[in-house]
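Report on one structure; see the data block that follows.
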Amino acid sequence: MFIILKKTIGTTAKVVEDYGGYEITVTDKEKFPWFDVFLLLLDSGFQIWIDKKNSHIQIMSKPEVN
């Protein structure tokens, strides 16, 4: 999953694994593949939160717990 996410994001963001999920810091919001990333995470069973940190949009995700 990490490799697919990294390939989808390319150079438009930085992604790190975090507590079983991912922390994505968007560095190029115009070119970032928003729809593809959200769909990939949601279809893989992740919950998503969006925040702003140091003038960058940050997307946090974690596996959904049932």
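So you can find residues: chains in the structure tokens are A, B, ... in the order shown, residues in each start at 1, and ligands are numbered from 1 in order.
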message: What's around segment 31-40 of chain A at 10 Å? Count only C-alpha atoms, leave out sequence neighbours fewer than 2 positions away in its own chain, and write the answer as a list in words.
response: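 Final neighbour list, sorted by chain and number: Met1, Ile4, Leu5, Lys6, Thr8, Ile9, Gly10, Thr11, Thr12, Ala13, Ile24, Val26, Thr27, Asp28, Lys29, Leu42, Asp43, Ser44, Gly45, Phe46, Gln47, Ile48, Ile59 and Ser61 of chain A.
All residues of chain A that DSSP, run on the backbone, classes as strand (DSSP E or B) are A:Ala13, A:Lys14, A:Val15, A:Val16, A:Glu17, A:Asp18, A:Gly21, A:Tyr22, A:Glu23, A:Ile24, A:Thr25, A:Val26, A:Phe46, A:Gln47, A:Ile48, A:Trp49, A:Ile50, A:Asp51, A:Lys52, A:Lys53, A:His56, A:Ile57, A:Gln58, A:Ile59, A:Met60, A:Ser61, A:Lys62, A:Pro63.
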How would the residues just chosen look if you wrote them out with N, CA and C atoms as a PDB file, in the first residue's frame?
ATOM      1  N   ALA A  13       3.915  15.622  -2.663  1.00  0.00           N
ATOM      2  CA  ALA A  13       3.743  15.549  -1.206  1.00  0.00           C
ATOM      3  C   ALA A  13       4.789  14.625  -0.603  1.00  0.00           C
ATOM      4  N   LYS A  14       4.905  14.703   0.712  1.00  0.00           N
ATOM      5  CA  LYS A  14       5.755  13.781   1.465  1.00  0.00           C
ATOM      6  C   LYS A  14       4.837  12.858   2.244  1.00  0.00           C
ATOM      7  N   VAL A  15       5.162  11.576   2.253  1.00  0.00           N
ATOM      8  CA  VAL A  15       4.329  10.611   2.968  1.00  0.00           C
ATOM      9  C   VAL A  15       5.202   9.770   3.883  1.00  0.00           C
ATOM     10  N   VAL A  16       4.736   9.569   5.112  1.00  0.00           N
ATOM     11  CA  VAL A  16       5.417   8.696   6.067  1.00  0.00           C
ATOM     12  C   VAL A  16       4.381   7.775   6.703  1.00  0.00           C
ATOM     13  N   GLU A  17       4.822   6.578   7.047  1.00  0.00           N
ATOM     14  CA  GLU A  17       3.951   5.658   7.774  1.00  0.00           C
ATOM     15  C   GLU A  17       3.891   6.106   9.222  1.00  0.00           C
ATOM     16  N   ASP A  18       2.691   6.059   9.803  1.00  0.00           N
ATOM     17  CA  ASP A  18       2.501   6.554  11.159  1.00  0.00           C
ATOM     18  C   ASP A  18       1.435   5.735  11.875  1.00  0.00           C
ATOM     19  N   GLY A  21      -0.991   3.866   9.859  1.00  0.00           N
ATOM     20  CA  GLY A  21      -1.619   4.685   8.826  1.00  0.00           C
ATOM     21  C   GLY A  21      -0.572   5.505   8.119  1.00  0.00           C
ATOM     22  N   TYR A  22      -0.991   6.627   7.558  1.00  0.00           N
ATOM     23  CA  TYR A  22      -0.078   7.465   6.792  1.00  0.00           C
ATOM     24  C   TYR A  22      -0.284   8.932   7.142  1.00  0.00           C
ATOM     25  N   GLU A  23       0.809   9.664   7.131  1.00  0.00           N
ATOM     26  CA  GLU A  23       0.774  11.109   7.292  1.00  0.00           C
ATOM     27  C   GLU A  23       1.316  11.701   5.996  1.00  0.00           C
ATOM     28  N   ILE A  24       0.468  12.453   5.312  1.00  0.00           N
ATOM     29  CA  ILE A  24       0.820  13.020   4.013  1.00  0.00           C
ATOM     30  C   ILE A  24       0.859  14.539   4.150  1.00  0.00           C
ATOM     31  N   THR A  25       1.985  15.137   3.805  1.00  0.00           N
ATOM     32  CA  THR A  25       2.131  16.585   3.821  1.00  0.00           C
ATOM     33  C   THR A  25       2.186  17.060   2.376  1.00  0.00           C
ATOM     34  N   VAL A  26       1.157  17.781   1.957  1.00  0.00           N
ATOM     35  CA  VAL A  26       1.034  18.237   0.574  1.00  0.00           C
ATOM     36  C   VAL A  26       1.961  19.430   0.360  1.00  0.00           C
ATOM     37  N   PHE A  46      -9.264   2.998   5.231  1.00  0.00           N
ATOM     38  CA  PHE A  46      -8.671   3.986   6.127  1.00  0.00           C
ATOM     39  C   PHE A  46      -9.657   5.114   6.426  1.00  0.00           C
ATOM     40  N   GLN A  47      -9.571   5.651   7.630  1.00  0.00           N
ATOM     41  CA  GLN A  47     -10.261   6.884   7.981  1.00  0.00           C
ATOM     42  C   GLN A  47      -9.302   8.022   7.673  1.00  0.00           C
ATOM     43  N   ILE A  48      -9.848   9.206   7.360  1.00  0.00           N
ATOM     44  CA  ILE A  48      -9.024  10.333   6.930  1.00  0.00           C
ATOM     45  C   ILE A  48      -9.354  11.587   7.727  1.00  0.00           C
ATOM     46  N   TRP A  49      -8.300  12.331   8.112  1.00  0.00           N
ATOM     47  CA  TRP A  49      -8.442  13.642   8.743  1.00  0.00           C
ATOM     48  C   TRP A  49      -7.575  14.622   7.970  1.00  0.00           C
ATOM     49  N   ILE A  50      -8.042  15.857   7.869  1.00  0.00           N
ATOM     50  CA  ILE A  50      -7.304  16.887   7.146  1.00  0.00           C
ATOM     51  C   ILE A  50      -7.070  18.068   8.077  1.00  0.00           C
ATOM     52  N   ASP A  51      -5.852  18.594   8.061  1.00  0.00           N
ATOM     53  CA  ASP A  51      -5.481  19.713   8.920  1.00  0.00           C
ATOM     54  C   ASP A  51      -4.477  20.585   8.172  1.00  0.00           C
ATOM     55  N   LYS A  52      -4.127  21.698   8.755  1.00  0.00           N
ATOM     56  CA  LYS A  52      -3.111  22.571   8.177  1.00  0.00           C
ATOM     57  C   LYS A  52      -1.996  22.729   9.202  1.00  0.00           C
ATOM     58  N   LYS A  53      -0.765  22.510   8.759  1.00  0.00           N
ATOM     59  CA  LYS A  53       0.383  22.582   9.657  1.00  0.00           C
ATOM     60  C   LYS A  53       1.513  23.304   8.928  1.00  0.00           C
ATOM     61  N   HIS A  56       1.129  24.069   5.246  1.00  0.00           N
ATOM     62  CA  HIS A  56       0.922  22.929   4.356  1.00  0.00           C
ATOM     63  C   HIS A  56      -0.317  22.162   4.802  1.00  0.00           C
ATOM     64  N   ILE A  57      -1.076  21.671   3.827  1.00  0.00           N
ATOM     65  CA  ILE A  57      -2.204  20.804   4.156  1.00  0.00           C
ATOM     66  C   ILE A  57      -1.649  19.432   4.506  1.00  0.00           C
ATOM     67  N   GLN A  58      -2.182  18.883   5.587  1.00  0.00           N
ATOM     68  CA  GLN A  58      -1.719  17.592   6.063  1.00  0.00           C
ATOM     69  C   GLN A  58      -2.900  16.633   6.116  1.00  0.00           C
ATOM     70  N   ILE A  59      -2.707  15.457   5.537  1.00  0.00           N
ATOM     71  CA  ILE A  59      -3.724  14.413   5.532  1.00  0.00           C
ATOM     72  C   ILE A  59      -3.227  13.279   6.417  1.00  0.00           C
ATOM     73  N   MET A  60      -4.008  12.946   7.442  1.00  0.00           N
ATOM     74  CA  MET A  60      -3.662  11.843   8.324  1.00  0.00           C
ATOM     75  C   MET A  60      -4.670  10.725   8.102  1.00  0.00           C
ATOM     76  N   SER A  61      -4.191   9.512   8.120  1.00  0.00           N
ATOM     77  CA  SER A  61      -5.099   8.374   7.946  1.00  0.00           C
ATOM     78  C   SER A  61      -4.715   7.262   8.910  1.00  0.00           C
ATOM     79  N   LYS A  62      -5.709   6.446   9.237  1.00  0.00           N
ATOM     80  CA  LYS A  62      -5.457   5.271  10.049  1.00  0.00           C
ATOM     81  C   LYS A  62      -6.449   4.199   9.640  1.00  0.00           C
ATOM     82  N   PRO A  63      -6.097   2.937   9.833  1.00  0.00           N
ATOM     83  CA  PRO A  63      -7.032   1.880   9.474  1.00  0.00           C
ATOM     84  C   PRO A  63      -8.304   1.999  10.318  1.00  0.00           C
TER      85      PRO A  63
END
- prompt: Looking only at the backbone, which of the residues in chain A does DSSP tag as helix (DSSP H, G or I), as a list in words?
  reply: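 Answer for chain A restricted to helix (DSSP H, G or I) is Phe2, Ile3, Ile4, Leu5, Lys6, Lys7, Thr8, Ile9, Trp34, Phe35, Asp36, Val37, Phe38, Leu39, Leu40, Leu41, Leu42 and Asp43 of chain A.
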